[in-house]
$ cat target-v6.txt   # compact mmCIF, C-alpha atoms
# COMPACT_ATOMS: atom_id res chain seq x y z
CA MET A 4 36.05 31.03 317.21
CA LYS A 5 37.07 27.95 315.29
CA ASN A 6 40.72 27.18 314.60
CA CYS A 7 41.71 27.28 310.95
CA LEU A 8 44.48 27.00 308.39
CA ILE A 9 44.66 29.43 305.46
CA MET A 10 46.03 28.06 302.22
CA GLY A 11 46.15 28.81 298.52
CA PHE A 12 48.86 29.56 295.98
CA GLY A 13 51.00 32.62 296.66
CA ARG A 14 49.70 35.97 295.40
CA SER A 15 46.11 34.64 295.50
CA GLY A 16 44.73 36.58 298.45
CA THR A 17 45.90 34.50 301.40
CA SER A 18 47.45 37.57 303.04
CA LEU A 19 44.17 39.44 302.74
CA MET A 20 42.42 36.53 304.43
CA GLY A 21 45.12 36.45 307.08
CA GLY A 22 44.80 40.16 307.77
CA ILE A 23 41.03 39.92 308.19
CA LEU A 24 41.37 37.07 310.70
CA HIS A 25 44.24 38.74 312.54
CA GLN A 26 42.12 41.86 312.94
CA ALA A 27 39.35 39.66 314.36
CA GLY A 28 41.67 38.43 317.11
CA TYR A 29 43.04 35.17 315.76
CA TYR A 30 46.45 33.95 316.89
CA MET A 31 48.72 33.65 313.85
CA GLY A 32 52.03 32.98 315.57
CA GLU A 33 54.74 35.15 317.05
CA ASP A 34 56.84 37.73 315.19
CA LEU A 35 54.74 37.99 312.05
CA TYR A 36 56.71 39.09 309.00
CA PRO A 37 56.45 42.83 308.34
CA GLY A 38 54.85 44.17 305.19
CA ARG A 39 56.68 45.31 302.10
CA ASP A 40 55.68 46.89 298.80
CA SER A 41 53.83 43.84 297.45
CA ASN A 42 51.95 43.31 300.74
CA PRO A 43 52.02 46.67 302.54
CA LYS A 44 49.73 45.52 305.38
CA GLY A 45 51.77 42.40 306.08
CA PHE A 46 51.90 38.71 305.21
CA PHE A 47 50.49 37.26 308.46
CA GLU A 48 53.00 34.45 308.40
CA ASN A 49 55.77 33.59 310.82
CA ALA A 50 59.04 31.69 310.80
CA LEU A 51 57.78 28.79 312.93
CA ILE A 52 54.95 27.68 310.63
CA ASN A 53 56.86 28.49 307.44
CA GLY A 54 59.88 26.67 308.87
CA ILE A 55 57.92 23.49 309.58
CA ASN A 56 56.61 23.43 306.03
CA GLU A 57 60.00 24.29 304.55
CA LYS A 58 61.57 21.34 306.38
CA ILE A 59 58.87 19.02 305.07
CA LEU A 60 59.39 20.19 301.48
CA LYS A 61 63.18 20.36 301.59
CA ASN A 62 63.59 16.78 300.39
CA TYR A 63 61.34 17.40 297.39
CA ASP A 64 63.39 19.96 295.48
CA TYR A 65 63.00 18.78 291.88
CA ALA A 66 66.69 19.21 291.02
CA LEU A 67 67.66 16.68 293.70
CA SER A 68 65.73 13.85 292.08
CA HIS A 69 66.14 15.02 288.47
CA PRO A 70 69.80 16.08 288.14
CA GLY A 71 69.68 15.64 284.37
CA HIS A 72 66.69 17.91 283.86
CA PRO A 73 67.63 20.80 281.52
CA ALA A 74 66.51 23.41 284.03
CA SER A 75 67.91 21.69 287.12
CA GLY A 76 71.17 23.53 286.58
CA GLU A 77 69.52 26.86 287.36
CA PRO A 78 70.99 27.80 290.74
CA PHE A 79 67.85 29.60 291.88
CA SER A 80 64.52 28.51 290.42
CA PRO A 81 61.38 26.48 291.25
CA TYR A 82 63.49 23.37 290.54
CA HIS A 83 65.98 24.39 293.23
CA PRO A 84 64.29 27.16 295.24
CA GLY A 85 66.44 27.15 298.36
CA GLU A 86 65.50 27.87 301.96
CA GLY A 87 62.49 30.13 302.39
CA HIS A 88 61.38 30.02 298.77
CA ARG A 89 59.56 26.70 298.58
CA TRP A 90 56.19 28.35 298.24
CA LEU A 91 57.44 28.53 294.63
CA ALA A 92 58.68 24.93 294.51
CA TYR A 93 58.10 22.75 291.45
CA ILE A 94 56.37 19.64 292.84
CA PRO A 95 54.46 17.57 290.25
CA LEU A 96 51.25 15.87 291.35
CA GLU A 97 52.77 12.38 291.21
CA VAL A 98 55.17 13.33 294.03
CA LYS A 99 53.84 11.91 297.30
CA ILE A 100 54.92 14.03 300.26
CA THR A 101 55.64 12.18 303.49
CA GLU A 102 57.38 13.05 306.74
CA GLU A 103 58.91 10.73 309.34
CA SER A 104 60.70 13.26 311.56
CA GLU A 105 59.42 13.14 315.12
CA ASP A 106 60.79 16.66 315.68
CA ILE A 107 58.58 18.04 312.93
CA LYS A 108 55.56 16.11 314.18
CA GLU A 109 56.12 17.45 317.67
CA ALA A 110 56.44 21.00 316.32
CA ILE A 111 53.09 20.60 314.53
CA ARG A 112 51.49 19.13 317.64
CA LYS A 113 52.64 22.12 319.69
CA ALA A 114 51.54 24.66 317.08
CA VAL A 115 47.97 23.34 316.95
CA SER A 116 47.67 23.19 320.75
CA TYR A 117 46.79 26.91 320.86
CA ASN A 118 43.16 27.99 320.97
CA GLY A 119 41.97 30.41 318.31
CA PHE A 120 44.78 29.88 315.81
CA ALA A 121 44.70 30.81 312.14
CA TYR A 122 47.96 29.78 310.51
CA LYS A 123 48.59 30.93 306.98
CA ASP A 124 51.09 29.50 304.51
CA PRO A 125 50.83 28.80 300.75
CA ARG A 126 52.94 25.71 301.42
CA PHE A 127 49.95 24.10 303.16
CA ASN A 128 48.68 23.19 299.69
CA TYR A 129 51.49 20.62 299.68
CA THR A 130 51.99 19.81 303.36
CA LEU A 131 48.38 19.58 304.59
CA LYS A 132 48.56 15.78 304.54
CA ILE A 133 51.31 15.94 307.18
CA TRP A 134 49.32 18.31 309.39
CA ALA A 135 46.05 16.41 309.04
CA PRO A 136 46.54 13.83 311.86
CA PHE A 137 47.09 16.65 314.37
CA LEU A 138 43.99 18.70 313.50
CA ASN A 139 40.70 18.07 315.26
CA ASN A 140 37.42 17.71 313.38
CA GLU A 141 36.45 21.30 314.19
CA THR A 142 39.45 22.86 312.45
CA LEU A 143 38.44 24.69 309.28
CA LEU A 144 40.49 24.86 306.10
CA ILE A 145 40.15 28.14 304.21
CA CYS A 146 41.26 27.73 300.61
CA VAL A 147 41.77 31.06 298.87
CA PHE A 148 42.15 31.41 295.10
CA ARG A 149 42.16 33.96 292.33
CA ASP A 150 42.00 34.04 288.54
CA PRO A 151 45.16 32.12 287.54
CA ALA A 152 45.98 34.62 284.77
CA ILE A 153 46.12 37.42 287.33
CA THR A 154 47.93 35.26 289.89
CA VAL A 155 50.61 34.25 287.39
CA GLN A 156 51.20 37.87 286.42
CA SER A 157 51.45 38.83 290.09
CA ILE A 158 54.02 36.07 290.64
CA LEU A 159 56.10 37.31 287.72
CA THR A 160 55.96 40.86 289.06
CA GLU A 161 56.94 39.69 292.56
CA CYS A 162 59.90 37.71 291.23
CA GLU A 163 61.03 40.70 289.19
CA ARG A 164 60.78 43.30 291.94
CA ALA A 165 61.24 41.60 295.31
CA GLU A 166 64.82 41.75 296.55
CA TYR A 167 64.68 38.34 298.20
CA LEU A 168 63.77 36.82 294.81
CA SER A 169 66.50 38.61 292.87
CA GLY A 170 67.83 36.28 290.19
CA PHE A 171 65.01 33.76 290.58
CA HIS A 172 64.51 32.03 287.22
CA ILE A 173 60.83 31.81 286.25
CA THR A 174 58.69 32.20 283.16
CA LYS A 175 54.98 32.66 282.56
CA ASP A 176 54.54 29.01 281.57
CA LEU A 177 56.50 27.80 284.58
CA ALA A 178 54.51 30.01 286.98
CA GLU A 179 51.32 28.58 285.50
CA GLU A 180 52.62 25.05 286.11
CA LEU A 181 53.32 25.94 289.73
CA TRP A 182 49.75 27.18 290.11
CA LEU A 183 48.41 23.96 288.59
CA TYR A 184 50.49 21.67 290.78
CA SER A 185 49.76 23.66 293.92
CA TYR A 186 45.97 23.41 293.63
CA SER A 187 46.13 19.84 292.30
CA HIS A 188 48.02 18.80 295.44
CA LEU A 189 45.51 20.74 297.53
CA PHE A 190 42.57 18.84 296.04
CA GLN A 191 44.33 15.55 296.79
CA ASN A 192 45.04 16.57 300.38
CA LEU A 193 41.50 17.79 301.03
CA LYS A 194 40.16 14.27 300.44
CA LYS A 195 41.21 13.48 304.00
CA PHE A 196 38.75 16.03 305.42
CA SER A 197 35.02 16.35 305.76
CA SER A 198 33.40 18.80 303.35
CA ASP A 199 32.07 20.61 306.43
CA GLN A 200 35.65 21.59 307.30
CA ILE A 201 36.50 23.12 303.91
CA ILE A 202 35.77 26.66 302.77
CA PHE A 203 36.66 27.92 299.29
CA VAL A 204 36.94 31.69 298.94
CA HIS A 205 37.52 33.78 295.83
CA TYR A 206 39.84 36.74 296.35
CA GLU A 207 37.43 39.17 294.70
CA LYS A 208 34.69 38.18 297.15
CA LEU A 209 37.06 38.83 300.04
CA LEU A 210 38.09 42.19 298.68
CA SER A 211 34.49 43.31 298.18
CA GLY A 212 33.43 41.98 301.59
CA GLU A 213 30.78 39.76 300.02
CA ALA A 214 32.35 36.60 301.46
CA LEU A 215 32.60 37.90 305.04
CA PRO A 216 29.08 37.17 306.37
CA GLY A 217 29.33 33.50 305.38
CA LEU A 218 32.86 33.24 306.76
CA SER A 219 31.73 34.85 310.01
CA ARG A 220 29.03 32.23 310.43
CA ARG A 221 31.36 29.35 309.72
CA LEU A 222 34.13 30.63 311.98
CA GLY A 223 31.85 31.73 314.81
CA ILE A 224 33.29 35.23 315.00
CA ARG A 225 32.38 38.56 313.45
CA LEU A 226 34.71 39.59 310.63
CA SER A 227 35.01 43.24 309.69
CA ASP A 228 35.43 44.63 306.19
CA ASP A 229 37.73 47.38 307.50
CA PHE A 230 40.94 45.58 306.53
CA ALA A 231 40.26 45.21 302.82
CA SER A 232 40.70 48.17 300.52
CA PRO A 233 40.71 48.54 296.71
CA GLY A 234 44.35 49.65 296.82
CA LEU A 235 45.39 46.10 297.75
CA ASN A 236 44.31 44.89 294.31
CA ARG A 237 47.38 45.88 292.31
CA THR A 238 47.36 43.25 289.58
CA THR A 239 44.12 43.20 287.61
CA SER A 240 44.99 41.39 284.39
CA GLY A 241 47.33 38.84 282.88
CA ALA A 242 48.05 36.79 279.79
CA PRO A 243 45.55 33.99 279.07
CA VAL A 244 46.16 30.62 280.71
CA GLY A 245 45.73 27.16 279.23
CA LEU A 246 42.92 24.64 279.41
CA LYS A 247 44.21 22.78 282.48
CA ALA A 248 44.40 25.95 284.57
CA THR A 249 41.03 27.06 283.21
CA THR A 250 39.46 23.76 284.26
CA ILE A 251 40.86 23.89 287.79
CA TYR A 252 39.80 27.52 288.16
CA GLN A 253 36.29 26.57 287.04
CA LYS A 254 36.23 23.85 289.69
CA LEU A 255 37.42 26.26 292.40
CA CYS A 256 34.78 28.80 291.41
CA ASN A 257 32.06 26.16 291.50
CA LEU A 258 33.13 25.08 294.98
CA ALA A 259 33.07 28.70 296.13
CA ASP A 260 29.78 29.32 294.29
CA VAL A 261 31.31 32.10 292.20
CA ARG A 262 29.80 32.91 288.82
CA LEU A 263 32.45 33.37 286.16
CA ASN A 264 32.40 36.48 284.04
CA SER A 265 34.74 38.54 281.89
CA THR A 266 36.17 40.40 284.88
CA ASN A 267 37.39 37.34 286.80
CA PHE A 268 37.97 34.72 284.14
CA THR A 269 40.63 34.65 281.45
CA SER A 270 41.48 31.64 279.31
CA SER A 271 43.13 30.79 276.03

$ encode --input "target-v6.txt" --output "structure tokens"
Amino acid sequence: MKNCLIMGFGRSGTSLMGGILHQAGYYMGEDLYPGRDSNPKGFFENALINGINEKILKNYDYALSHPGHPASGEPFSPYHPGEGHRWLAYIPLEVKITEESEDIKEAIRKAVSYNGFAYKDPRFNYTLKIWAPFLNNETLLICVFRDPAITVQSILTECERAEYLSGFHITKDLAEELWLYSYSHLFQNLKKFSSDQIIFVHYEKLLSGEALPGLSRRLGIRLSDDFASPGLNRTTSGAPVGLKATTIYQKLCNLADVRLNSTNFTSS
């Protein structure tokens, strides 16, 4: 059983990956968040790991460094997400994320001292560089992704319906930008790791179970297809995305060896 981190933009299948690994016996932290309508089987995240990443990202709220930005006045948005919502933070690629706090470094060091951990957090796309020095060469990085058109629509639905996101200002174009920046930061952060440590997984391949044999071999543990069910796939379409998102999605699919077709690829 190899230790791993699960990352990928929110609403892209990271919870499905987390549930499969949790069922296989991985340690994902204490007091995992309970499920709700959007993720009825659970999120497989906990306050400790999320809290570490939130503290790292707190100084990068866009409104802090761009007070004159037209949207920075929105009290609750990707430009000023607030505590617990920075998985939806607006962090352009040119922003270089660093961390000097010894308390945070010690918290990371303690978290990765467990054997058989699989920590999941969409914020890892941004914070992986901070975690990197504390991960051994055997730790695997599982990068989950989904058609950006579908992901963006799922984000919009989540922001509209989830009580904890009530009043959150977001648009389709802004959600697409968040997706772009998230995976762009991830690609930058992955340069610090050996290709042998990185696994790209398409959500549809997880849901169908097709990705599980290869994942089982890489992780050194048998993964069951019992956790996944068609009912988890609630968003199946979305408005076309632009060329930049299309290009990144193509790259992700190539890295995961997924053939694009009309059912998993939408572009403008």

$ closest_residue --input "target-v6.txt" --among "A:Phe137, A:Tyr30, A:Phe148, A:Tyr93" --to "A:Lys208" --atoms "all atoms listed in the file"
A:Phe148

$ closest_residue --input "target-v6.txt" --among "A:Lys195, A:Arg39, A:Arg220, A:His83" --to "A:His172" --atoms "all atoms listed in the file"
A:His83

$ closest_residue --input "target-v6.txt" --among "A:Ala259, A:Ile111, A:Tyr29, A:Pro81" --to "A:Ile224" --atoms "only C-alpha atoms"
A:Tyr29

$ residues_around --input "target-v6.txt" --residues "stretch 145-147 of chain A" --least-positions-apart "4" --cutoff "7 Å" --atoms "only C-alpha atoms" --output "list in words"
Cys7, Leu8, Ile9, Met10, Gly11, Ser15, Gly16, Thr17, Ile201, Ile202, Phe203, Val204, His205 and Tyr206 of chain A

$ closest_residue --input "target-v6.txt" --among "A:Gln200, A:Gln26, A:Asn139, A:Ser185" --to "A:Trp90" --atoms "only C-alpha atoms"
A:Ser185

$ residues_around --input "target-v6.txt" --residues "A:Leu222" --least-positions-apart "4" --cutoff "9 Å" --atoms "all atoms listed in the file" --output "MDAnalysis selection string"
chainID A and resid 4:7 143 217:218

$ atom_distance --input "target-v6.txt" --atom1 "atom CA of A:Ala231" --atom2 "atom CA of A:Leu210"
5.6 Å

$ atom_distance --input "target-v6.txt" --atom1 "atom CA of A:Glu213" --atom2 "atom CA of A:Asp124"
23.2 Å

$ residues_around --input "target-v6.txt" --residues "stretch 47-61 of chain A" --least-positions-apart "2" --cutoff "10 Å" --atoms "only C-alpha atoms" --output "PyMOL selection string"
chain A and resi 17-25+30-38+42+44-45+63-65+67+83-90+92+94+100-104+106-108+110-111+114+121-127+129-131+133-134

$ atom_distance --input "target-v6.txt" --atom1 "atom CA of A:Ser68" --atom2 "atom CA of A:Ser80"
14.8 Å

$ residues_around --input "target-v6.txt" --residues "A:Val244" --least-positions-apart "5" --cutoff "12 Å" --atoms "all atoms listed in the file" --output "list in words"
Asp150, Pro151, Ala152, Ile153, Thr154, Val155, Gln156, Lys175, Asp176, Leu177, Ala178, Glu179, Glu180, Trp182, Leu183, Thr249, Thr250, Ile251, Tyr252, Phe268, Thr269, Ser270 and Ser271 of chain A

$ write_last_selection --input "target-v6.txt" --atoms "C-alpha atoms" --output "compact mmCIF listing (two decimals), in the coordinates of the input"
# COMPACT_ATOMS: atom_id res chain seq x y z
CA ASP A 150 42.00 34.04 288.54
CA PRO A 151 45.16 32.12 287.54
CA ALA A 152 45.98 34.62 284.77
CA ILE A 153 46.12 37.42 287.33
CA THR A 154 47.93 35.26 289.89
CA VAL A 155 50.61 34.25 287.39
CA GLN A 156 51.20 37.87 286.42
CA LYS A 175 54.98 32.66 282.56
CA ASP A 176 54.54 29.01 281.57
CA LEU A 177 56.50 27.80 284.58
CA ALA A 178 54.51 30.01 286.98
CA GLU A 179 51.32 28.58 285.50
CA GLU A 180 52.62 25.05 286.11
CA TRP A 182 49.75 27.18 290.11
CA LEU A 183 48.41 23.96 288.59
CA THR A 249 41.03 27.06 283.21
CA THR A 250 39.46 23.76 284.26
CA ILE A 251 40.86 23.89 287.79
CA TYR A 252 39.80 27.52 288.16
CA PHE A 268 37.97 34.72 284.14
CA THR A 269 40.63 34.65 281.45
CA SER A 270 41.48 31.64 279.31
CA SER A 271 43.13 30.79 276.03

$ axis_aligned_box --input "target-v6.txt" --around "stretch 34-48 of chain A" --padding-each-side "6 Å" --output "lines of an AutoDock Vina configuration file"
center_x = 53.3
center_y = 40.7
center_z = 306.3
size_x = 19.1
size_y = 24.4
size_z = 29.7

$ closest_atom_pairs --input "target-v6.txt" --of "stretch 134-250 of chain A" --to "stretch 69-79 of chain A" --cutoff "12 Å" --atoms "only C-alpha atoms" --output "JSON lines"
{"residue": "A:Cys162", "atom": "CA", "partner": "A:Phe79", "partner_atom": "CA", "distance": 11.4}
{"residue": "A:Tyr167", "atom": "CA", "partner": "A:Phe79", "partner_atom": "CA", "distance": 11.2}
{"residue": "A:Leu168", "atom": "CA", "partner": "A:Phe79", "partner_atom": "CA", "distance": 8.8}
{"residue": "A:Ser169", "atom": "CA", "partner": "A:Phe79", "partner_atom": "CA", "distance": 9.2}
{"residue": "A:Gly170", "atom": "CA", "partner": "A:Phe79", "partner_atom": "CA", "distance": 6.9}
{"residue": "A:Phe171", "atom": "CA", "partner": "A:Phe79", "partner_atom": "CA", "distance": 5.2}
{"residue": "A:His172", "atom": "CA", "partner": "A:Phe79", "partner_atom": "CA", "distance": 6.2}
{"residue": "A:Ile173", "atom": "CA", "partner": "A:Phe79", "partner_atom": "CA", "distance": 9.3}
{"residue": "A:Thr174", "atom": "CA", "partner": "A:Ala74", "partner_atom": "CA", "distance": 11.8}
{"residue": "A:Leu177", "atom": "CA", "partner": "A:Ala74", "partner_atom": "CA", "distance": 10.9}

$ write_last_selection --input "target-v6.txt" --atoms "C-alpha atoms" --output "PDB file, in the coordinates of the input"
ATOM      1  CA  CYS A 162      59.900  37.710 291.230  1.00  0.00           C
ATOM      2  CA  TYR A 167      64.680  38.340 298.200  1.00  0.00           C
ATOM      3  CA  LEU A 168      63.770  36.820 294.810  1.00  0.00           C
ATOM      4  CA  SER A 169      66.500  38.610 292.870  1.00  0.00           C
ATOM      5  CA  GLY A 170      67.830  36.280 290.190  1.00  0.00           C
ATOM      6  CA  PHE A 171      65.010  33.760 290.580  1.00  0.00           C
ATOM      7  CA  HIS A 172      64.510  32.030 287.220  1.00  0.00           C
ATOM      8  CA  ILE A 173      60.830  31.810 286.250  1.00  0.00           C
ATOM      9  CA  THR A 174      58.690  32.200 283.160  1.00  0.00           C
ATOM     10  CA  LEU A 177      56.500  27.800 284.580  1.00  0.00           C
TER      11      LEU A 177
END

$ closest_residue --input "target-v6.txt" --among "A:Ser157, A:Ser227, A:Ser41, A:Asn128" --to "A:Ala214" --atoms "all atoms listed in the file"
A:Ser227

$ closest_residue --input "target-v6.txt" --among "A:Leu138, A:Val115, A:Leu144, A:Ala66" --to "A:Asp199" --atoms "all atoms listed in the file"
A:Leu144
